[in-house]
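Next up, upload-v8.csv (CSV, C-alpha atoms):
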chain,number,residue,atom,x,y,z
D,1,MET,CA,5.1,-20.5,1.6
D,2,ARG,CA,2.2,-18.1,1.8
D,3,ASP,CA,0.1,-17.3,-1.2
D,4,ILE,CA,0.1,-13.6,-2.3
D,5,ARG,CA,-3.5,-12.8,-3.1
D,6,VAL,CA,-2.7,-9.5,-4.7
D,7,ARG,CA,-0.3,-11.0,-7.2
D,8,GLU,CA,-2.8,-13.8,-7.9
D,9,LEU,CA,-5.5,-11.3,-8.7
D,10,TRP,CA,-3.2,-9.3,-10.9
D,11,GLN,CA,-2.3,-12.4,-12.9
D,12,LYS,CA,-6.0,-12.7,-13.6
D,13,GLN,CA,-6.2,-9.0,-14.6
D,14,GLN,CA,-8.4,-8.3,-11.5
D,15,CYS,CA,-8.4,-5.5,-9.1
D,16,ALA,CA,-7.5,-6.0,-5.4
D,17,PHE,CA,-9.5,-4.4,-2.7
D,18,ASN,CA,-7.2,-3.1,0.0
D,19,GLY,CA,-8.1,-2.0,3.6
D,20,TRP,CA,-6.1,0.3,5.9
D,21,LEU,CA,-5.0,-0.2,9.4
D,22,ALA,CA,-4.1,2.9,11.6
D,23,ILE,CA,-4.9,1.6,15.0
D,24,PRO,CA,-2.0,-0.2,16.8
D,25,ASN,CA,-4.0,-3.2,17.9
D,26,SER,CA,-3.8,-6.9,16.9
D,27,LEU,CA,-7.5,-7.6,17.7
D,28,SER,CA,-8.8,-4.8,15.4
D,29,ALA,CA,-6.3,-6.0,12.8
D,30,GLU,CA,-7.5,-9.5,13.1
D,31,ALA,CA,-11.2,-8.4,12.9
D,32,MET,CA,-10.4,-6.5,9.7
D,33,ALA,CA,-8.5,-9.5,8.3
D,34,MET,CA,-11.4,-11.8,8.9
D,35,SER,CA,-13.7,-9.5,7.0
D,36,GLY,CA,-12.6,-10.6,3.5
D,37,TRP,CA,-10.1,-7.9,2.3
D,38,ASP,CA,-7.7,-8.9,-0.5
D,39,SER,CA,-5.0,-7.1,1.3
D,40,LEU,CA,-4.5,-4.9,4.4
D,41,THR,CA,-1.9,-2.2,4.8
D,42,ILE,CA,-0.5,-1.3,8.2
D,43,ASP,CA,0.1,2.4,8.1
D,44,MET,CA,3.4,3.4,9.9
D,45,GLN,CA,3.5,6.8,8.3
D,46,HIS,CA,0.3,8.5,9.5
D,47,GLY,CA,-1.0,5.7,11.7
D,48,LEU,CA,-0.1,5.3,15.3
D,49,ILE,CA,1.8,2.1,14.9
D,50,ASP,CA,5.3,1.3,16.2
D,51,ASN,CA,7.6,-1.7,15.6
D,52,ALA,CA,6.2,-3.7,18.5
D,53,ALA,CA,2.6,-3.3,17.4
D,54,LEU,CA,3.6,-4.0,13.8
D,55,VAL,CA,4.7,-7.6,14.6
D,56,THR,CA,1.6,-8.4,16.5
D,57,MET,CA,-0.6,-7.0,13.8
D,58,LEU,CA,1.2,-9.0,11.1
D,59,GLN,CA,0.7,-12.1,13.2
D,60,ALA,CA,-3.0,-11.3,13.4
D,61,LEU,CA,-3.3,-10.8,9.6
D,62,ALA,CA,-1.9,-14.4,9.2
D,63,ALA,CA,-5.3,-15.7,10.3
D,64,SER,CA,-6.7,-14.8,6.8
D,65,PRO,CA,-5.5,-15.1,3.2
D,66,CYS,CA,-5.2,-11.3,2.8
D,67,THR,CA,-1.8,-10.0,1.6
D,68,PRO,CA,-0.1,-8.2,4.5
D,69,MET,CA,1.4,-4.9,3.4
D,70,VAL,CA,3.1,-1.9,5.2
D,71,ARG,CA,3.2,1.7,4.4
D,72,VAL,CA,6.6,2.7,5.8
D,73,PRO,CA,7.2,6.1,7.4
D,74,TRP,CA,9.7,7.2,4.7
D,75,LEU,CA,12.3,6.1,2.3
D,76,ASP,CA,14.6,4.8,5.0
D,77,PRO,CA,16.3,1.4,4.8
D,78,GLY,CA,15.8,0.6,8.5
D,79,PRO,CA,12.0,0.6,8.8
D,80,ILE,CA,11.7,-1.0,5.3
D,81,MET,CA,13.9,-3.9,6.2
D,82,ARG,CA,12.3,-4.3,9.6
D,83,ALA,CA,8.8,-4.5,8.0
D,84,LEU,CA,10.0,-7.1,5.6
D,85,ASP,CA,11.8,-9.2,8.2
D,86,ALA,CA,8.6,-9.1,10.3
D,87,GLY,CA,6.6,-10.7,7.4
D,88,ALA,CA,5.3,-7.9,5.2
D,89,LEU,CA,4.8,-9.0,1.6
D,90,GLY,CA,4.2,-5.5,0.2
D,91,ILE,CA,5.9,-2.2,0.9
D,92,ILE,CA,4.2,1.1,0.1
D,93,CYS,CA,6.8,4.0,0.3
D,94,PRO,CA,5.6,7.6,0.4
D,95,MET,CA,6.9,10.6,-1.5
D,96,ILE,CA,9.0,8.9,-4.2
D,97,ASN,CA,10.0,11.9,-6.3
D,98,SER,CA,12.9,10.8,-8.5
D,99,VAL,CA,14.6,8.0,-10.3
D,100,ASP,CA,17.2,7.8,-7.5
D,101,GLU,CA,14.6,7.5,-4.8
D,102,ALA,CA,12.7,4.8,-6.8
D,103,ALA,CA,16.0,2.9,-7.3
D,104,ARG,CA,16.7,3.1,-3.5
D,105,LEU,CA,13.3,1.7,-2.7
D,106,VAL,CA,14.1,-1.4,-4.9
D,107,GLU,CA,17.6,-1.6,-3.3
D,108,TYR,CA,16.2,-1.6,0.2
D,109,THR,CA,13.6,-4.2,-0.5
D,110,SER,CA,15.8,-6.6,-2.4
D,111,TYR,CA,18.6,-9.0,-1.5
D,112,ALA,CA,21.9,-9.0,-3.5
D,113,PRO,CA,22.6,-8.9,-6.3
D,114,MET,CA,19.4,-7.1,-7.1
D,115,GLY,CA,19.7,-4.8,-4.0
D,116,GLY,CA,21.3,-4.3,-0.6
D,117,ARG,CA,18.7,-5.7,1.8
D,118,SER,CA,20.5,-7.2,4.9
D,119,PHE,CA,19.8,-10.8,5.5
D,120,GLY,CA,17.9,-11.6,8.7
D,121,PRO,CA,14.2,-12.5,8.0
D,122,ILE,CA,13.4,-13.5,11.6
D,123,ARG,CA,9.6,-13.8,11.2
D,124,ALA,CA,9.4,-13.9,7.4
D,125,GLY,CA,11.7,-16.9,7.4
D,126,LEU,CA,9.5,-18.5,10.1
D,127,VAL,CA,6.2,-18.2,8.2
D,128,ASP,CA,7.6,-18.7,4.7
D,129,GLY,CA,10.2,-21.3,5.4
D,130,PRO,CA,13.9,-21.8,4.8
D,131,HIS,CA,13.6,-20.9,1.1
D,132,TYR,CA,12.3,-17.4,1.8
D,133,GLN,CA,15.5,-15.7,0.6
D,134,ALA,CA,15.6,-17.5,-2.7
D,135,SER,CA,12.2,-16.1,-3.8
D,136,ALA,CA,11.8,-12.9,-1.7
D,137,ASN,CA,13.0,-10.5,-4.5
D,138,GLN,CA,10.2,-11.8,-6.8
D,139,ARG,CA,7.5,-12.1,-4.1
D,140,VAL,CA,7.7,-8.7,-2.3
D,141,ILE,CA,5.5,-6.1,-3.9
D,142,ARG,CA,7.1,-2.7,-4.2
D,143,PHE,CA,4.8,0.4,-4.5
D,144,ALA,CA,6.3,3.8,-5.1
D,145,MET,CA,3.9,6.6,-4.0
D,146,ILE,CA,3.4,9.2,-6.7
D,147,GLU,CA,1.9,12.2,-4.9
D,148,THR,CA,3.8,15.4,-5.9
D,149,ARG,CA,4.3,17.6,-8.9
D,150,LYS,CA,8.0,16.7,-8.8
D,151,ALA,CA,7.1,13.0,-9.2
D,152,LEU,CA,4.8,13.8,-12.1
D,153,ASP,CA,7.6,15.7,-13.9
D,154,GLN,CA,9.8,12.6,-13.7
D,155,LEU,CA,7.0,10.0,-13.9
D,156,ASP,CA,8.2,8.1,-17.0
D,157,ALA,CA,11.7,7.9,-15.8
D,158,ILE,CA,10.6,6.6,-12.4
D,159,LEU,CA,8.4,4.0,-14.0
D,160,GLN,CA,11.4,2.6,-15.8
D,161,VAL,CA,13.3,1.7,-12.6
D,162,GLU,CA,13.9,-2.1,-12.8
D,163,GLY,CA,12.3,-4.0,-9.9
D,164,LEU,CA,9.5,-1.6,-9.2
D,165,ASP,CA,6.2,-3.4,-9.3
D,166,ALA,CA,3.6,-0.7,-8.9
D,167,ILE,CA,2.9,2.9,-8.1
D,168,TYR,CA,0.4,4.1,-5.5
D,169,VAL,CA,-1.4,7.5,-5.8
D,170,GLY,CA,-2.0,9.6,-2.7
D,171,PRO,CA,-4.8,12.0,-3.9
D,172,SER,CA,-4.6,14.3,-0.9
D,173,ASP,CA,-0.8,15.0,-1.1
D,174,LEU,CA,-1.1,15.1,-4.9
D,175,SER,CA,-3.9,17.7,-4.6
D,176,LEU,CA,-1.8,19.8,-2.3
D,177,SER,CA,1.2,19.7,-4.6
D,178,LEU,CA,-0.9,20.8,-7.5
D,179,GLY,CA,-2.3,23.8,-5.6
D,180,CYS,CA,-5.7,22.2,-4.9
D,181,LYS,CA,-7.7,21.4,-1.8
D,182,PRO,CA,-6.5,18.1,-0.2
D,183,THR,CA,-9.1,15.4,-0.5
D,184,LEU,CA,-9.2,11.7,-1.3
D,185,ASP,CA,-12.3,11.4,-3.4
D,186,ASP,CA,-14.0,14.4,-5.1
D,187,VAL,CA,-10.7,15.8,-6.4
D,188,GLU,CA,-10.5,18.9,-8.6
D,189,PRO,CA,-10.2,18.4,-12.4
D,190,THR,CA,-6.4,19.1,-12.5
D,191,VAL,CA,-5.9,16.3,-10.0
D,192,GLN,CA,-8.3,13.9,-11.8
D,193,GLN,CA,-6.3,14.5,-15.0
D,194,ALA,CA,-3.1,13.6,-13.1
D,195,ILE,CA,-4.7,10.5,-11.6
D,196,GLU,CA,-5.7,9.3,-15.1
D,197,HIS,CA,-2.3,10.2,-16.5
D,198,ILE,CA,-0.4,8.3,-13.8
D,199,LEU,CA,-2.6,5.2,-14.5
D,200,GLU,CA,-2.0,5.4,-18.2
D,201,ARG,CA,1.7,5.8,-17.9
D,202,ALA,CA,2.1,3.0,-15.3
D,203,HIS,CA,0.3,0.5,-17.6
D,204,ALA,CA,2.3,1.7,-20.6
D,205,HIS,CA,5.4,0.7,-18.7
D,206,GLY,CA,3.9,-2.7,-17.5
D,207,LEU,CA,3.5,-1.6,-13.9
D,208,LYS,CA,0.4,-1.9,-11.7
D,209,ALA,CA,-1.3,1.1,-10.2
D,210,GLY,CA,-3.0,1.5,-6.8
D,211,ILE,CA,-4.9,4.5,-5.3
D,212,HIS,CA,-6.3,5.7,-2.0
D,213,SER,CA,-10.1,6.4,-1.7
D,214,GLN,CA,-12.3,7.3,1.2
D,215,THR,CA,-15.6,5.8,0.0
D,216,VAL,CA,-16.6,2.6,-1.8
D,217,ASN,CA,-18.3,4.5,-4.6
D,218,PHE,CA,-15.1,6.3,-5.5
D,219,ALA,CA,-13.1,3.1,-5.1
D,220,LYS,CA,-15.4,1.4,-7.6
D,221,ALA,CA,-15.1,4.3,-10.0
D,222,ARG,CA,-11.3,4.0,-9.9
D,223,LYS,CA,-11.5,0.3,-10.4
D,224,ALA,CA,-13.6,0.9,-13.5
D,225,LEU,CA,-11.0,3.5,-14.6
D,226,GLY,CA,-8.5,0.6,-14.6
D,227,TYR,CA,-6.7,0.8,-11.3
D,228,ASP,CA,-5.3,-2.5,-10.1
D,229,LEU,CA,-5.6,-1.9,-6.4
D,230,VAL,CA,-8.0,0.4,-4.6
D,231,THR,CA,-8.0,1.3,-1.0
D,232,THR,CA,-10.9,2.5,1.2
D,233,ALA,CA,-12.1,2.5,4.8
D,234,SER,CA,-9.4,2.4,7.5
D,235,ASP,CA,-10.2,0.6,10.7
D,236,LEU,CA,-10.5,4.0,12.5
D,237,ARG,CA,-12.9,5.4,10.0
D,238,LEU,CA,-15.1,2.3,10.2
D,239,ILE,CA,-15.3,2.6,13.9
D,240,LEU,CA,-16.1,6.3,13.7
D,241,ALA,CA,-18.8,5.8,11.0
D,242,GLY,CA,-20.4,3.0,12.9
D,243,ALA,CA,-20.4,4.9,16.2
D,244,GLN,CA,-21.8,8.0,14.5
D,245,ASP,CA,-24.6,6.1,12.8
D,246,LEU,CA,-25.6,4.5,16.0
D,247,MET,CA,-25.7,7.8,17.9
D,248,LYS,CA,-27.8,9.4,15.1
D,249,ALA,CA,-30.2,6.6,15.4
D,250,TRP,CA,-30.4,6.8,19.1
D,251,ARG,CA,-31.0,10.6,19.2
D,252,ALA,CA,-33.5,10.5,16.3
D,253,PRO,CA,-37.1,11.3,17.5
Let me see whether you can do it: turn the structure in this file into structure tokens.
Amino acid sequence: MRDIRVRELWQKQQCAFNGWLAIPNSLSAEAMAMSGWDSLTIDMQHGLIDNAALVTMLQALAASPCTPMVRVPWLDPGPIMRALDAGALGIICPMINSVDEAARLVEYTSYAPMGGRSFGPIRAGLVDGPHYQASANQRVIRFAMIETRKALDQLDAILQVEGLDAIYVGPSDLSLSLGCKPTLDDVEPTVQQAIEHILERAHAHGLKAGIHSQTVNFAKARKALGYDLVTTASDLRLILAGAQDLMKAWRAP
């Protein structure tokens, strides 16, 4: 059965460094996996990844000890269960705005009696063995994305949903919802206050907290703030940054 590096780091009170995959390609996923990330998240919400690419990318991530996670398109049982059956060990679900939605996330990611996940772990059972089902409810990491004013208004109630492991802050959508300019890093003071409030309340309820960043400097600052998982640098952004730096060097006098 696979180790779950993110949970191992959390048990040591350490922060996990998470990378982001938006390109539907197993080779780029494997290259990212071999670069030393603690976890990698395959983005099926805003990335260009379909179910066929998802399986090959999860297979590519298996070449490293990073924790394979998926941001699903929405709170929909079909894509969530397919991602888990394909071998994802973490689910990040966008736009969780209520207790009911948080409870449904737990239901869709959990076998009975904890939830209503259908049994059929076709690849997950292959890579984790015949005892996958017995421990899956405890092993899968469930992140509810907190990224709206509505979610902030119900934050404490959401954080009390049994089975939820962590929340994940999307600063851009949170900024939009609070009437601010959407950005990942240099957020406006109102958004920064919300980011700190979400972290404080998550820890008060015994949950972990993750957040999206664009640059390493902001990721480090949020780690210092106390976040338990920080994300930066998608595969696409790294390609763009490398290509742009090369072209600037080439065209420099």
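Distance annotation: of D:Asp85, D:Glu147, D:Glu107, D:Glu200, the residue with the minimal separation from Leu178 of chain D is D:Glu147; atom set is only C-alpha atoms.
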Item to complete: Could you tell me how far atom CA of Ile211 of chain D lies from atom CA of Asp153 of chain D, in Å and to one decimal?
Response: 18.9 Å
Worksheet entry | Surrounding residues of Ile167 of chain D excluding itself and chain neighbours under 2 positions, 9 Å, all atoms listed in the file, as a list in words | Ile92, Arg142, Phe143, Ala144, Met145, Ile146, Leu159, Leu164, Asp165, Val169, Ile198, Leu199, Ala202, Leu207, Lys208, Ala209, Gly210 and Ile211 of chain D
Practice prompt. Quote the spacing between atom CA of Ser213 of chain D and atom CA of Ala157 of chain D in Å to one decimal place.
Written response: 26.0 Å
Practice prompt. Record the distance separating atom CA of Ala102 of chain D and atom CA of Pro68 of chain D, expressed in Å with one decimal.
Written response: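 Computed distance, atom CA of Ala102 of chain D to atom CA of Pro68 of chain D, equals 21.5 Å.
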Worksheet item: For Pro79 of chain D, which of D:His197, D:Arg117, D:His212, D:His131 is the closest residue, counting all atoms listed in the file?
Response: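 That would be D:Arg117, the residue with the smallest distance to Pro79 of chain D.
In this comparison, which uses all atoms listed in the file, the residue of D:Glu188, D:Asp50, D:Asp38, D:Asp235 approaching Ser64 of chain D most closely is D:Asp38.
Nearest to Arg123 of chain D of all the residues D:Thr183, D:Thr56, D:Thr67, D:Ser110 is D:Thr56, counting only C-alpha atoms.
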Practice prompt. Write out as a PyMOL selection string each polymer residue whose atoms come within 12 Å of Leu174 of chain D, counting only C-alpha atoms; drop sequence neighbours fewer than 6 positions from it.
Written response: chain D and resi 94-97+145-152+168+180-185+187-188+190-195+198+211-212
Item to complete: Find the residue from D:Cys93, D:Arg2, D:Gln14, D:Ala63 that sits nearest to Glu30 of chain D; use only C-alpha atoms when measuring.
Response: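 Closest to Glu30 of chain D of all the choices is D:Ala63.
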Worksheet item: Looking at D:Val161, D:Leu126, D:Val99, D:Val216, which one is nearest to Gly87 of chain D, with distances taken over all atoms listed in the file?
Response: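 The shortest atom-to-atom distance to Gly87 of chain D comes from D:Leu126.
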Item to complete: Determine, counting only C-alpha atoms, every residue of protein, DNA or RNA that lies within 12 Å of (-0.9, -10.7, 13.8) in the file coordinates, then give the result as a PyMOL selection string.
Response: chain D and resi 24-34+40+42+52-64+66+68+86-88+123+127
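Summary of the local environment: counting all atoms listed in the file, residues at most 10 Å from Val72 of chain D, other than itself and those fewer than 2 positions away along its chain, are Thr41, Ile42, Asp43, Met44, Gln45, His46, Met69, Val70, Trp74, Leu75, Asp76, Pro77, Gly78, Pro79, Ile80, Met81, Arg82, Ala83, Ile91, Ile92, Cys93 and Pro94 of chain D.
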Could you save those same residues with C-alpha atoms as a compact mmCIF listing (two decimals), in the frame of the given file?
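selection_37.txt written:
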# COMPACT_ATOMS: atom_id res chain seq x y z
CA THR D 41 -1.90 -2.20 4.80
CA ILE D 42 -0.50 -1.30 8.20
CA ASP D 43 0.10 2.40 8.10
CA MET D 44 3.40 3.40 9.90
CA GLN D 45 3.50 6.80 8.30
CA HIS D 46 0.30 8.50 9.50
CA MET D 69 1.40 -4.90 3.40
CA VAL D 70 3.10 -1.90 5.20
CA TRP D 74 9.70 7.20 4.70
CA LEU D 75 12.30 6.10 2.30
CA ASP D 76 14.60 4.80 5.00
CA PRO D 77 16.30 1.40 4.80
CA GLY D 78 15.80 0.60 8.50
CA PRO D 79 12.00 0.60 8.80
CA ILE D 80 11.70 -1.00 5.30
CA MET D 81 13.90 -3.90 6.20
CA ARG D 82 12.30 -4.30 9.60
CA ALA D 83 8.80 -4.50 8.00
CA ILE D 91 5.90 -2.20 0.90
CA ILE D 92 4.20 1.10 0.10
CA CYS D 93 6.80 4.00 0.30
CA PRO D 94 5.60 7.60 0.40
